[in-house]
Structures are given as structure tokens and as C-alpha cells.
file coords.txt (compact mmCIF, C-alpha atoms and all ligand atoms)
# COMPACT_ATOMS: atom_id res chain seq x y z
CA MET A 4 34.52 -11.62 0.43
CA SER A 5 36.84 -14.37 -0.72
CA LYS A 6 35.39 -17.86 -0.93
CA ASN A 7 37.41 -20.55 0.79
CA SER A 8 39.50 -21.13 -2.32
CA GLY A 9 43.26 -21.68 -2.52
CA PRO A 10 45.03 -23.60 0.22
CA LYS A 11 42.93 -26.18 2.03
CA VAL A 12 40.94 -24.68 4.91
CA SER A 13 41.02 -26.40 8.26
CA LYS A 14 37.71 -27.90 9.37
CA LYS A 15 37.40 -25.53 12.30
CA PHE A 16 37.11 -22.57 9.91
CA ALA A 17 34.80 -24.24 7.41
CA ALA A 18 31.90 -21.97 8.35
CA TYR A 19 33.98 -18.80 8.11
CA PRO A 20 35.03 -17.29 4.79
CA ARG A 21 38.63 -16.24 4.43
CA LEU A 22 39.16 -12.55 5.21
CA ASN A 23 40.70 -11.51 1.93
CA PRO A 24 39.57 -8.03 0.86
CA LEU A 25 39.53 -6.57 -2.60
CA GLY A 26 41.87 -3.66 -3.30
CA VAL A 27 39.65 -0.60 -3.70
CA GLY A 28 39.72 0.65 -7.29
CA LYS A 29 38.45 3.92 -8.69
CA ASP A 30 35.31 2.41 -10.21
CA ILE A 31 34.18 0.23 -7.33
CA SER A 32 30.41 0.34 -6.74
CA ALA A 33 28.91 0.94 -3.31
CA ALA A 34 27.50 -2.61 -3.30
CA ASP A 35 30.87 -4.17 -4.14
CA LEU A 36 32.57 -1.99 -1.55
CA ILE A 37 30.17 -3.38 1.06
CA ASP A 38 30.48 -7.01 -0.07
CA GLU A 39 34.23 -7.07 -0.68
CA VAL A 40 35.77 -4.46 1.60
CA MET A 41 33.61 -4.09 4.70
CA LEU A 42 34.65 -7.31 6.36
CA ALA A 43 34.89 -6.71 10.10
CA TYR A 44 33.56 -4.77 13.08
CA ASN A 45 30.76 -2.35 12.27
CA GLY A 46 31.77 -2.44 8.61
CA GLY A 47 31.16 -6.17 8.84
CA ARG A 48 27.79 -5.59 10.51
CA LEU A 49 26.86 -3.20 7.72
CA ARG A 50 27.71 -5.89 5.17
CA GLU A 51 25.61 -8.39 7.11
CA ALA A 52 22.76 -5.88 7.32
CA SER A 53 22.91 -5.27 3.56
CA GLN A 54 22.89 -8.97 2.82
CA LEU A 55 20.11 -9.60 5.34
CA LEU A 56 17.99 -7.05 3.52
CA ALA A 57 18.79 -8.37 0.06
CA LYS A 58 18.69 -12.10 0.78
CA LYS A 59 16.11 -12.51 3.54
CA MET A 60 14.02 -9.45 4.35
CA LEU A 61 13.06 -8.33 0.84
CA PRO A 62 12.60 -11.64 -1.05
CA LYS A 63 9.22 -13.35 -1.29
CA ASP A 64 7.48 -10.03 -0.77
CA GLY A 65 8.38 -9.92 2.93
CA PHE A 66 6.87 -7.04 4.87
CA ILE A 67 9.30 -4.30 5.87
CA GLY A 68 8.46 -1.89 8.67
CA MET A 69 10.93 0.96 9.03
CA SER A 70 11.31 3.12 12.13
CA LEU A 71 12.88 6.56 11.93
CA THR A 72 14.54 8.48 14.74
CA GLY A 73 17.34 10.98 14.78
CA ALA A 74 17.38 14.03 12.55
CA LEU A 75 17.34 12.12 9.26
CA THR A 76 15.17 14.28 7.00
CA PRO A 77 16.98 17.52 7.94
CA ALA A 78 20.17 15.82 6.72
CA GLY A 79 18.49 15.21 3.34
CA LEU A 80 18.07 11.46 3.86
CA GLY A 81 14.37 11.62 3.04
CA LYS A 82 15.04 12.76 -0.49
CA SER A 83 18.28 10.84 -1.03
CA CYS A 84 17.37 7.47 0.48
CA LEU A 85 13.89 7.06 1.97
CA ILE A 86 12.00 8.14 -1.15
CA PRO A 87 13.97 5.86 -3.53
CA LEU A 88 13.46 2.96 -1.09
CA MET A 89 9.72 3.66 -0.82
CA LYS A 90 9.29 3.97 -4.58
CA ALA A 91 11.16 0.71 -5.14
CA GLY A 92 8.65 -1.04 -2.86
CA PHE A 93 11.32 -1.73 -0.22
CA VAL A 94 9.48 -0.07 2.68
CA ASP A 95 5.89 -1.13 3.37
CA TRP A 96 5.06 0.82 6.51
CA ILE A 97 6.79 3.40 8.69
CA VAL A 98 6.86 4.59 12.29
CA SER A 99 8.58 7.95 12.54
CA THR A 100 9.21 10.70 15.02
CA GLY A 101 7.07 13.73 14.27
CA ALA A 102 10.29 15.69 13.82
CA ASN A 103 11.32 13.69 10.75
CA LEU A 104 7.92 14.32 9.19
CA TYR A 105 7.89 18.00 10.16
CA HIS A 106 11.35 18.63 8.67
CA ASP A 107 10.34 16.63 5.60
CA LEU A 108 7.75 19.33 4.96
CA HIS A 109 10.52 21.88 4.30
CA PHE A 110 11.67 19.78 1.35
CA GLY A 111 8.09 19.20 0.18
CA LEU A 112 7.47 22.95 0.22
CA ASP A 113 10.77 23.76 -1.52
CA MET A 114 12.30 25.61 1.42
CA GLN A 115 16.04 25.91 1.80
CA LEU A 116 18.26 24.08 4.28
CA HIS A 117 22.03 24.58 4.24
CA SER A 118 25.13 22.52 4.99
CA GLY A 119 26.86 24.47 7.77
CA SER A 120 29.16 23.64 10.64
CA PRO A 121 28.67 22.33 14.19
CA PHE A 122 31.18 24.93 15.46
CA LEU A 123 29.20 28.13 14.98
CA ASP A 124 28.27 30.62 17.69
CA ASP A 125 24.67 29.80 18.59
CA VAL A 126 24.13 33.17 20.26
CA VAL A 127 24.99 34.84 16.96
CA LEU A 128 22.80 32.35 15.08
CA HIS A 129 19.90 33.15 17.41
CA ARG A 130 20.41 36.89 16.85
CA ASP A 131 20.44 36.34 13.07
CA GLY A 132 17.37 34.11 13.08
CA VAL A 133 19.25 30.97 12.07
CA ILE A 134 18.23 27.52 13.36
CA ARG A 135 20.89 24.83 13.76
CA ILE A 136 20.56 21.04 13.82
CA TYR A 137 24.19 20.09 14.43
CA ASP A 138 25.70 21.17 11.08
CA VAL A 139 22.43 21.82 9.21
CA LEU A 140 21.28 25.44 9.12
CA PHE A 141 18.07 27.15 8.06
CA ASP A 142 16.17 30.36 8.53
CA TYR A 143 13.72 30.77 11.41
CA ASN A 144 11.12 31.66 8.76
CA VAL A 145 11.31 28.07 7.52
CA LEU A 146 9.77 27.04 10.84
CA LEU A 147 7.16 29.80 10.79
CA ASP A 148 6.14 29.10 7.18
CA THR A 149 6.01 25.32 7.71
CA ASP A 150 3.90 25.82 10.84
CA ALA A 151 1.51 28.08 8.91
CA PHE A 152 1.20 25.46 6.15
CA VAL A 153 0.28 22.77 8.70
CA ARG A 154 -2.31 25.01 10.38
CA GLU A 155 -3.89 26.07 7.08
CA VAL A 156 -4.14 22.50 5.84
CA ILE A 157 -5.59 21.03 9.02
CA GLN A 158 -8.33 23.62 9.33
CA GLY A 159 -10.03 21.90 6.34
CA PRO A 160 -13.24 19.88 6.93
CA GLU A 161 -11.65 16.46 6.30
CA PHE A 162 -9.43 16.98 9.37
CA GLN A 163 -12.27 17.77 11.79
CA ARG A 164 -12.39 14.45 13.62
CA SER A 165 -10.32 11.92 15.43
CA MET A 166 -8.16 9.72 13.19
CA GLY A 167 -5.15 7.40 13.24
CA THR A 168 -1.84 9.10 12.54
CA ASP A 169 -1.52 7.01 9.36
CA GLU A 170 -4.69 8.68 8.06
CA PHE A 171 -3.55 12.10 9.26
CA HIS A 172 -0.21 11.76 7.49
CA TYR A 173 -1.93 10.43 4.36
CA LEU A 174 -4.18 13.49 4.18
CA LEU A 175 -1.31 15.84 4.99
CA GLY A 176 0.78 14.09 2.32
CA LYS A 177 -1.99 14.71 -0.21
CA TYR A 178 -1.65 18.46 0.34
CA VAL A 179 2.15 18.34 0.25
CA ALA A 180 2.00 16.38 -3.02
CA ALA A 181 -0.40 18.94 -4.51
CA ARG A 182 1.81 21.83 -3.42
CA GLY A 183 4.86 20.02 -4.80
CA LYS A 184 3.17 19.65 -8.19
CA LYS A 185 2.43 23.37 -8.27
CA LEU A 186 6.05 24.12 -7.42
CA GLY A 187 7.31 21.68 -10.09
CA LEU A 188 8.94 19.37 -7.53
CA LYS A 189 9.47 15.64 -7.97
CA ASP A 190 10.24 13.09 -5.27
CA SER A 191 11.15 15.60 -2.63
CA SER A 192 8.88 14.72 0.30
CA VAL A 193 8.53 11.47 2.26
CA LEU A 194 4.97 12.40 3.26
CA ALA A 195 3.97 13.11 -0.35
CA THR A 196 5.64 9.90 -1.57
CA ALA A 197 3.90 7.87 1.14
CA TYR A 198 0.58 9.35 0.00
CA GLU A 199 1.34 8.46 -3.62
CA CYS A 200 2.56 4.95 -2.79
CA GLY A 201 -0.11 4.12 -0.17
CA ILE A 202 2.53 3.58 2.51
CA PRO A 203 1.12 4.10 6.03
CA ILE A 204 3.22 6.37 8.25
CA PHE A 205 2.53 6.36 11.99
CA THR A 206 4.04 8.45 14.72
CA SER A 207 4.37 7.02 18.21
CA SER A 208 4.26 10.39 19.97
CA PRO A 209 1.91 12.67 18.06
CA GLY A 210 2.27 15.57 20.50
CA ASP A 211 6.08 15.57 20.47
CA SER A 212 6.90 17.60 17.38
CA SER A 213 6.12 20.89 15.68
CA ILE A 214 3.33 19.11 13.76
CA GLY A 215 1.78 18.10 17.11
CA MET A 216 2.35 21.62 18.46
CA ASN A 217 0.35 23.13 15.59
CA VAL A 218 -2.40 20.52 15.94
CA ALA A 219 -2.61 21.47 19.64
CA ALA A 220 -2.74 25.19 18.86
CA MET A 221 -5.58 24.63 16.40
CA ALA A 222 -7.53 22.73 19.09
CA MET A 223 -7.71 26.05 20.96
CA ARG A 224 -9.35 27.51 17.83
CA GLY A 225 -11.99 24.78 17.91
CA SER A 226 -10.33 22.20 15.61
CA ALA A 227 -11.66 18.68 16.26
CA LEU A 228 -8.54 16.94 14.96
CA LEU A 229 -7.36 14.41 17.53
CA PRO A 230 -4.80 11.63 17.03
CA ASP A 231 -6.39 8.24 17.70
CA VAL A 232 -3.51 6.46 19.41
CA ASN A 233 -5.60 3.36 20.12
CA ARG A 234 -6.24 2.94 16.42
CA ASP A 235 -2.48 3.31 15.78
CA VAL A 236 -1.57 0.61 18.31
CA ASN A 237 -4.13 -1.80 16.86
CA GLN A 238 -3.51 -0.85 13.23
CA THR A 239 0.26 -1.45 13.45
CA ALA A 240 -0.34 -4.81 15.15
CA ALA A 241 -2.87 -5.62 12.44
CA ILE A 242 -0.31 -4.92 9.69
CA VAL A 243 2.11 -7.38 11.29
CA TYR A 244 -0.64 -9.97 11.74
CA HIS A 245 -1.68 -9.43 8.13
CA ALA A 246 1.90 -10.17 7.04
CA LYS A 247 2.21 -13.31 9.13
CA SER A 248 -1.25 -14.69 8.49
CA THR A 249 -0.82 -14.36 4.73
CA GLY A 250 2.42 -16.37 4.80
CA HIS A 251 4.87 -13.47 4.62
CA THR A 252 7.78 -12.59 6.85
CA SER A 253 7.65 -9.47 9.02
CA SER A 254 10.88 -7.49 9.28
CA VAL A 255 11.80 -4.43 11.28
CA TRP A 256 14.39 -2.01 9.94
CA ILE A 257 15.19 0.31 12.82
CA LEU A 258 17.11 3.54 12.31
CA GLY A 259 18.13 4.97 15.69
CA GLY A 260 15.85 3.75 18.46
CA GLY A 261 13.56 5.83 20.66
CA SER A 262 9.84 5.43 20.89
CA PRO A 263 9.33 4.53 17.19
CA LYS A 264 11.53 1.46 17.75
CA ASN A 265 9.30 0.22 20.54
CA PHE A 266 6.11 1.17 18.71
CA MET A 267 7.17 -1.01 15.81
CA LEU A 268 8.32 -3.92 17.98
CA GLN A 269 5.42 -3.87 20.45
CA THR A 270 3.11 -5.02 17.66
CA GLU A 271 4.07 -8.62 18.49
CA PRO A 272 3.32 -8.49 22.25
CA GLN A 273 0.11 -6.67 21.34
CA ILE A 274 -0.87 -9.63 19.14
CA GLN A 275 0.31 -12.36 21.52
CA GLU A 276 0.12 -11.07 25.09
CA VAL A 277 -2.75 -8.60 24.93
CA LEU A 278 -4.97 -9.81 22.10
CA GLY A 279 -4.21 -13.47 22.83
CA ILE A 280 -3.60 -14.41 19.20
CA GLN A 281 -1.02 -17.08 18.43
CA GLU A 282 2.15 -15.62 16.90
CA LYS A 283 5.92 -16.08 17.19
CA GLY A 284 7.52 -12.67 16.73
CA HIS A 285 9.06 -10.59 13.97
CA ASP A 286 11.21 -12.61 11.61
CA TYR A 287 14.08 -10.25 10.87
CA PHE A 288 15.59 -7.46 12.96
CA LEU A 289 17.99 -4.88 11.55
CA GLN A 290 19.01 -1.88 13.64
CA VAL A 291 21.44 0.96 13.01
CA THR A 292 22.10 2.85 16.22
CA ASP A 293 24.57 4.55 18.52
CA ALA A 294 22.70 3.44 21.64
CA ARG A 295 24.37 0.99 24.02
CA PRO A 296 22.58 -1.99 25.52
CA ASP A 297 23.99 -1.79 29.06
CA THR A 298 21.87 1.13 30.28
CA GLY A 299 18.63 -0.87 30.03
CA GLY A 300 17.03 1.68 27.71
CA LEU A 301 14.96 0.37 24.83
CA SER A 302 16.97 2.25 22.18
CA GLY A 303 19.99 0.06 22.84
CA ALA A 304 18.08 -3.15 23.67
CA THR A 305 19.39 -6.03 21.60
CA PRO A 306 17.30 -8.37 19.44
CA ALA A 307 18.07 -11.12 21.98
CA GLU A 308 16.36 -9.09 24.70
CA ALA A 309 13.44 -8.53 22.30
CA VAL A 310 13.07 -12.32 21.99
CA SER A 311 12.27 -12.57 25.71
CA TRP A 312 9.32 -10.24 25.17
CA GLY A 313 8.02 -12.18 22.20
CA LYS A 314 8.94 -9.30 19.90
CA VAL A 315 11.35 -11.35 17.79
CA ASP A 316 10.94 -14.99 16.77
CA PRO A 317 13.58 -16.96 18.77
CA ASP A 318 14.23 -19.24 15.78
CA LYS A 319 15.26 -16.25 13.66
CA LEU A 320 17.55 -14.61 16.25
CA PRO A 321 20.80 -15.67 14.50
CA ASP A 322 19.71 -13.58 11.50
CA SER A 323 19.43 -10.33 13.49
CA VAL A 324 21.94 -7.54 12.87
CA VAL A 325 22.76 -4.49 14.95
CA CYS A 326 25.20 -2.06 13.36
CA TYR A 327 26.64 0.54 15.72
CA THR A 328 27.11 3.51 13.48
CA ASP A 329 25.51 6.78 12.44
CA SER A 330 22.43 6.38 10.24
CA THR A 331 23.75 9.15 7.99
CA ILE A 332 26.57 6.77 7.05
CA ALA A 333 24.64 3.50 7.04
CA LEU A 334 21.43 4.50 5.28
CA PRO A 335 22.97 5.73 2.00
CA LEU A 336 25.10 2.58 1.82
CA LEU A 337 22.20 0.25 2.60
CA THR A 338 20.05 2.08 0.06
CA ALA A 339 22.67 1.87 -2.68
CA TYR A 340 23.17 -1.82 -1.89
CA VAL A 341 19.56 -2.93 -2.13
CA LEU A 342 18.77 -0.76 -5.13
CA SER A 343 21.63 -2.38 -7.02
CA ARG A 344 21.14 -5.96 -5.78
CA VAL A 345 17.33 -6.33 -5.57
CA LYS A 346 14.70 -5.76 -8.27
CA PRO A 347 11.99 -3.20 -7.38
CA ARG A 348 8.93 -4.80 -5.77
CA LYS A 349 5.26 -4.20 -6.39
CA LEU A 350 3.92 -1.63 -3.93
CA LYS A 351 1.75 -3.26 -1.25
CA ARG A 352 -0.30 -0.08 -0.72
CA LEU A 353 -1.21 -1.19 2.81
CA TYR A 354 -2.88 2.15 3.48
CA ASP A 355 -5.60 1.36 0.93
CA HIS A 356 -6.61 -1.75 2.91
CA ARG A 357 -6.32 -0.34 6.43
CA ASP A 358 -9.93 -1.00 7.50
CA ALA A 359 -9.95 -4.59 6.22
CA ILE A 360 -6.53 -5.31 7.78
CA LEU A 361 -7.70 -4.01 11.16
CA ASP A 362 -10.99 -5.87 11.01
CA VAL A 363 -9.27 -9.27 10.71
CA VAL A 364 -7.37 -8.73 13.96
CA LYS A 365 -10.43 -7.36 15.71
CA GLN A 366 -12.54 -10.40 14.84
CA LYS A 367 -9.75 -12.76 15.89
CA TYR A 368 -9.26 -10.89 19.19
CA LEU A 369 -12.93 -10.92 20.06
CA LYS A 370 -12.84 -14.73 19.73
CA SER A 371 -9.62 -15.25 21.66
CA GLY A 372 -10.52 -14.29 25.19
CA THR A 373 -12.40 -12.07 27.58
CA VAL A 374 -11.50 -8.88 29.39
CA THR A 375 -10.19 -10.80 32.38
CA LYS A 376 -8.45 -13.58 30.54
CA VAL A 377 -6.83 -14.12 27.16
CA LEU A 378 -5.50 -17.33 25.73
CA THR A 379 -1.74 -17.39 25.65
CA SER A 380 0.19 -19.16 22.95
CA ARG A 381 3.40 -19.24 25.00
CA LYS A 382 4.39 -22.48 26.68
CA ILE A 383 5.30 -21.09 30.06
CA ALA A 384 4.93 -22.46 33.59
CA LYS A 385 1.39 -22.29 34.86
CA ARG A 386 0.86 -19.13 36.87
CA SER A 387 0.40 -19.81 40.57
CA SER A 388 -1.76 -16.77 41.11
CA SER A 389 -3.32 -13.99 39.16
CA ILE A 390 -4.40 -10.50 39.97
CA GLY A 391 -7.77 -9.12 39.03
CA LEU A 392 -10.31 -6.73 40.46
CA LYS A 393 -12.33 -9.57 41.98
CA LYS A 394 -9.38 -11.35 43.66
N1 LIG B 401 10.84 20.49 15.69
C1 LIG B 401 10.47 19.26 15.96
O1 LIG B 401 9.39 18.84 15.58
C2 LIG B 401 11.37 18.35 16.75
C3 LIG B 401 12.76 18.47 16.63
C4 LIG B 401 13.56 17.55 17.30
C5 LIG B 401 13.00 16.54 18.06
N2 LIG B 401 11.63 16.45 18.16
C6 LIG B 401 11.00 15.31 18.90
O2 LIG B 401 11.87 14.84 19.90
C7 LIG B 401 11.72 13.41 20.07
C8 LIG B 401 13.10 12.74 20.01
O3 LIG B 401 13.51 12.67 18.66
P1 LIG B 401 14.94 12.23 18.14
O4 LIG B 401 14.76 11.74 16.76
O5 LIG B 401 15.88 13.36 18.32
O6 LIG B 401 15.26 10.97 19.02
P2 LIG B 401 16.32 10.62 20.14
O7 LIG B 401 17.37 11.68 20.29
O8 LIG B 401 15.51 10.22 21.32
O9 LIG B 401 17.01 9.37 19.47
C9 LIG B 401 16.45 8.09 19.48
C10 LIG B 401 17.56 7.08 19.38
O10 LIG B 401 18.17 7.10 18.11
C11 LIG B 401 19.58 7.23 18.23
N3 LIG B 401 20.06 8.08 17.14
C12 LIG B 401 19.76 9.37 16.93
N4 LIG B 401 20.38 9.83 15.83
C13 LIG B 401 21.08 8.79 15.32
C14 LIG B 401 21.93 8.63 14.19
N5 LIG B 401 22.18 9.64 13.35
N6 LIG B 401 22.49 7.43 13.98
C15 LIG B 401 22.25 6.38 14.80
N7 LIG B 401 21.46 6.49 15.90
C16 LIG B 401 20.89 7.66 16.15
C17 LIG B 401 19.77 7.89 19.60
O11 LIG B 401 21.02 7.62 20.15
C18 LIG B 401 18.66 7.27 20.40
O12 LIG B 401 19.04 6.00 20.86
C19 LIG B 401 10.76 12.94 18.97
O13 LIG B 401 9.48 12.74 19.50
C20 LIG B 401 10.77 14.11 17.97
O14 LIG B 401 9.59 14.23 17.23
C21 LIG B 401 10.81 17.34 17.52

call {"tool": "encode", "arguments": {"input": "coords.txt", "output": "C-alpha cells"}}
result
Amino acid sequence: MSKNSGPKVSKKFAAYPRLNPLGVGKDISAADLIDEVMLAYNGGRLREASQLLAKKMLPKDGFIGMSLTGALTPAGLGKSCLIPLMKAGFVDWIVSTGANLYHDLHFGLDMQLHSGSPFLDDVVLHRDGVIRIYDVLFDYNVLLDTDAFVREVIQGPEFQRSMGTDEFHYLLGKYVAARGKKLGLKDSSVLATAYECGIPIFTSSPGDSSIGMNVAAMAMRGSALLPDVNRDVNQTAAIVYHAKSTGHTSSVWILGGGSPKNFMLQTEPQIQEVLGIQEKGHDYFLQVTDARPDTGGLSGATPAEAVSWGKVDPDKLPDSVVCYTDSTIALPLLTAYVLSRVKPRKLKRLYDHRDAILDVVKQKYLKSGTVTKVLTSRKIAKRSSSIGLKK
């Protein structure tokens, strides 16, 4: 964007750069297109989001939690964007729908998905054994074979217990990575890359996907695998506390909304309101979504609303960005931008330290209150009454 050069700028516009776009040339890079051409409306928000990532979220080794909703991996965004971002050290932990991880398996197992059309006859597709996700098509056997892979893997002894979904996905990723090696694949699965990079991946609703469906089926065959959702809630909060207590920023990069958005954001109220540990909220908030705020649903809830819950640090609110667009447009552009503007970072490998990270929060919590009362760090009016079993 043009600096305020040329004719003198009136004082009232001093804070606002002149809107003076570059003419698009045939060799323009994605990053320059964003900086110099996307100047207003949701294009402008995408530029702000890109710059927020490059100038505030990623520097000084800030922690980046990414949440994934919408059918991103079926559209190829795992391979094209998420894996390059993970390998560059730009994503430190993830909360995903099970669907994105399930459909990632197709790529990790070298199955074929096809670019189709949203205007096909679904009755004919059903007859022909073709599955459709809007304009992405694949054979019904892709589902059956992926399901069989999940069931075969999880019948192994290391899966016969309760575990956090980060551990479950790590172990699953190990098998996907091994299968990928056999098939001669490179960088094709998010789960396998997360395993290799030590990036914890959680899912907020472990039963709500074909992975969860196969885990449930295997329970009827005597499998002892059970998602430990309590561990997930505490472990995600512990990652955020680890970031903040070691002098780093904690950023949320939200694609879509849904339950992964809340699962990522609720880490702060878990630390402050429930565990009674002093904290201020996430530092930076970046969301790409099509969800509107006026229905009251969490998907469309703004960062300002999140401040009231203690999810976002009120002092950092002006830095928040919400871009109302489709993630399939925004994510490739954001990825291209940060890969060209920011040097790769050292991997944090948070998964490798999961027990130690959790233990710090546990010890702090056990000191900060009792079952009936926790200390609150918020300066709010004294409560006139309280409700408890003995009242
Ligand atoms: N076979 C499977 O395993 C399977 C398949 C589909 C869905 N599911 C499950 O259904 C649940 C819902 O998943 P979902 O991902 O469809 O979430 P969703 O439809 O609830 O979407 C969540 C939010 O993201 C927004 N969003 C979705 N796509 C977007 C895009 N491209 N760009 C911007 N915003 C977008 C939506 O508007 C919404 O606000 C999950 O638990 C998932 O695991 C499972």
C-alpha cells in the first residue's frame, strides 16, 4: 500500500495510508498482491490477517494454535497449505474436526479424490458408488478402505487404553507415516506430518467423524481405546499456559468456527475461571469464516465478544482480524504470504513435552483453590451471593 508520500496529507488522515493500489503485472507474487492490491473490505481483512501473522503472531517464537473446520483436507488444503505451514514451524498445535483428519487419511494412503462439480445428480452418484463433498468426488471404496485401515491400526496393543486425542492422533500418524514411506509418498498427510514434527492434534468431538465411528465399532469387539476428553481439555489449557508462563504470546488462527474454535478459545477460561490461575487471554485472534455474529452462535462470535469471556486479552483486541471469506481462498494466500515473508521457525515439538506441560498447570491449580472456591484474577464486583451444595 502506498505510504503517505506526495501531496501533504491532512492531519485527520495521518493514521491511514493512502489507498493507492499497484497495477497488477504478470509476475506479481502472492505476497505483493496481498500487500499492494488487497486494500479494502474482506481483501483488506486478508491483508491485515497476513500482516498480523507475519509481524505479530509468528515473531519471537509466539505460539500458534490452529483450529480446522469445514471440509479443508478433502479440498487438498492439507497437502497444499497445512503441511508446508507445519513443516515451517508456523503451527504449534491444532484442534481439528475428526472429518478433516479422516479425509486426510485418504491422502496419506495414496487414495484418489477428484475435482468434480457441485451440479451432478446425487441419485446417479449414489447408484454409481460415488461420494460427493460439494465439488470433490471419490469412490465409496475410499471410505471402506480408510475405515478398514483405522480399524486394523487401532486393534494394536498400544491403542488398548484410554488416551488424549493428541496421543491417539500421534500414534495413528505414526502408522500413516510408515504406510506413506512404503508407498513412496512425501508430505501428503497432516497426521503423518504432525507425528514427524511433534505437533499435537486434538479433536473436540472424538465421536463425530468416521474415525470416531470406527473407534466405536471396535469397542463392540472388545477394544479398550477410549478418548480421554478431560485430558484434552486440561492439556490444551496447559499448552496455552506454557506459552504465557514462558514469556511467549499465544495466538489462535481459526479456520471456520464450530466446536474446534471454542475448544481452542476455552483454554483461557479454563485457566482463569475454572483452575483459578492468573491469566489475561489469548494475545492474537485471526479467524477466517462465513459465519455471522448476529445469530449468537459461537462460530460467528467476534473477538470482542471473546474478550468478555476472558478468552482474548482486552489490551490486544485492536490487533484481532476476522476475514469473512471461504478458507479455500484465504488459506492458500495466507500460506504463500507467510512462507515468503517469514523465515522458517524451529519446531517446538510440544507433543514431546506433553506430560511436563500438563504437570505445571496441575501443580499450579492444586495450589490455587479448593473444589468449592477458586481464586479469581478478574477485578469484578464482589459477588453478593454464591451457590453451592451447602447453601
Ligand atoms: N466423514 C466424516 O468423518 C465427517 C464428514 C463431515 C463432517 N463430519 C463431522 O461433522 C462436524 C461438523 O464439521 P464441519 O467441518 O462440516 O463443520 P461445520 O459445518 O459445523 O462448520 C463450522 C463452521 O465453519 C464455517 N465454515 C465451514 N466451511 C468453511 C469454509 N470453507 N470457509 C469459511 N468458513 C467455513 C461454517 O460456516 C461454520 O461456522 C464435525 O464434528 C466433523 O467431524 C464428519

call {"tool": "residues_around", "arguments": {"input": "coords.txt", "residues": "range 246-262 of chain A", "least_positions_apart": "5", "cutoff": "8 Å", "atoms": "all atoms listed in the file", "output": "ChimeraX atom specification"}}
result
/A:60,63-73,100,207-208,267-268,285-294,301-303,330

call {"tool": "atom_distance", "arguments": {"input": "coords.txt", "atom1": "atom O12 of ligand LIG 401 (chain B)", "atom2": "CA of Val325 in chain A"}}
result
12.6 Å

call {"tool": "residues_around", "arguments": {"input": "coords.txt", "residues": "Gly26 in chain A", "least_positions_apart": "3", "cutoff": "10 Å", "atoms": "only C-alpha atoms", "output": "list in words"}}
result
Asn23, Lys29, Ile31, Leu36, Glu39 and Val40 of chain A

call {"tool": "write_last_selection", "arguments": {"input": "coords.txt", "atoms": "C-alpha atoms", "output": "short mmCIF file (atom, residue, chain, number, x, y, z; two decimals), in the frame of the given file"}}
result
data_model
loop_
_atom_site.label_atom_id
_atom_site.label_comp_id
_atom_site.auth_asym_id
_atom_site.auth_seq_id
_atom_site.Cartn_x
_atom_site.Cartn_y
_atom_site.Cartn_z
CA ASN A 23 40.70 -11.51 1.93
CA LYS A 29 38.45 3.92 -8.69
CA ILE A 31 34.18 0.23 -7.33
CA LEU A 36 32.57 -1.99 -1.55
CA GLU A 39 34.23 -7.07 -0.68
CA VAL A 40 35.77 -4.46 1.60
#

call {"tool": "closest_residue", "arguments": {"input": "coords.txt", "among": "A:Gly313, A:Gly299, A:Gly167, A:Gly183", "to": "Gln238 in chain A", "atoms": "all atoms listed in the file"}}
result
A:Gly167

call {"tool": "closest_residue", "arguments": {"input": "coords.txt", "among": "A:Ile242, A:Val277, A:Leu334, A:Ala57", "to": "ligand LIG 401 (chain B)", "atoms": "all atoms listed in the file"}}
result
A:Leu334

call {"tool": "residues_near_point", "arguments": {"input": "coords.txt", "point": "(-6.4, 8.9, 21.4)", "cutoff": "10 Å", "atoms": "all atoms listed in the file", "output": "list in words"}}
result
Ser165, Met166, Gly167, Thr168, Pro209, Leu229, Pro230, Asp231, Val232, Asn233, Arg234 and Asp235 of chain A

call {"tool": "atom_distance", "arguments": {"input": "coords.txt", "atom1": "CA of Pro306 in chain A", "atom2": "CA of Leu320 in chain A"}}
result
7.0 Å

call {"tool": "axis_aligned_box", "arguments": {"input": "coords.txt", "around": "ligand LIG 401 (chain B)", "padding_each_side": "6 Å", "output": "JSON"}}
result
{"center_x": 15.9, "center_y": 13.2, "center_z": 17.3, "size_x": 25.1, "size_y": 26.5, "size_z": 20.0}

call {"tool": "atom_distance", "arguments": {"input": "coords.txt", "atom1": "CA of Leu108 in chain A", "atom2": "CA of Ser213 in chain A"}}
result
11.0 Å

call {"tool": "residues_around", "arguments": {"input": "coords.txt", "residues": "range 140-154 of chain A", "least_positions_apart": "6", "cutoff": "7 Å", "atoms": "all atoms listed in the file", "output": "list of chain:residue names"}}
result
A:Leu108, A:His109, A:Met114, A:Gln115, A:Leu116, A:His117, A:Ser118, A:Gly119, A:Gly132, A:Val133, A:Ile134, A:Ile214, A:Asn217, A:Met221

call {"tool": "closest_residue", "arguments": {"input": "coords.txt", "among": "A:Met216, A:Ala91, A:Val315, A:Leu49", "to": "Leu61 in chain A", "atoms": "all atoms listed in the file"}}
result
A:Ala91

call {"tool": "residues_around", "arguments": {"input": "coords.txt", "residues": "Ser53 in chain A", "least_positions_apart": "6", "cutoff": "12 Å", "atoms": "only C-alpha atoms", "output": "number ranges by chain"}}
result
A: 33-38, 41, 46-47, 59-61, 256, 289-291, 322-326, 333-345

call {"tool": "closest_residue", "arguments": {"input": "coords.txt", "among": "A:Ile274, A:Tyr327, A:Val243, A:Lys58", "to": "Arg295 in chain A", "atoms": "only C-alpha atoms"}}
result
A:Tyr327

call {"tool": "residues_around", "arguments": {"input": "coords.txt", "residues": "Thr239 in chain A", "least_positions_apart": "2", "cutoff": "10 Å", "atoms": "all atoms listed in the file", "output": "list in words"}}
result
Gly68, Trp96, Ile97, Val98, Asp169, Pro203, Ile204, Phe205, Arg234, Asp235, Val236, Asn237, Ala241, Ile242, Val243, Tyr244, His245, Phe266, Met267, Leu268, Gln269, Thr270, Glu271, Gln273, Arg357, Ile360 and Leu361 of chain A

call {"tool": "residues_near_point", "arguments": {"input": "coords.txt", "point": "(9.5, 5.6, -3.5)", "cutoff": "10 Å", "atoms": "all atoms listed in the file", "output": "VMD selection string"}}
result
chain A and resid 82 84 to 94 190 192 to 193 195 to 197 199 to 200 202 347 350

call {"tool": "closest_residue", "arguments": {"input": "coords.txt", "among": "A:Val218, A:Ala181, A:Leu188, A:Leu55", "to": "ligand LIG 401 (chain B)", "atoms": "only C-alpha atoms and all ligand atoms"}}
result
A:Val218

call {"tool": "closest_residue", "arguments": {"input": "coords.txt", "among": "A:Gln158, A:Ser120, A:Gln54, A:Thr76", "to": "ligand LIG 401 (chain B)", "atoms": "all atoms listed in the file"}}
result
A:Thr76
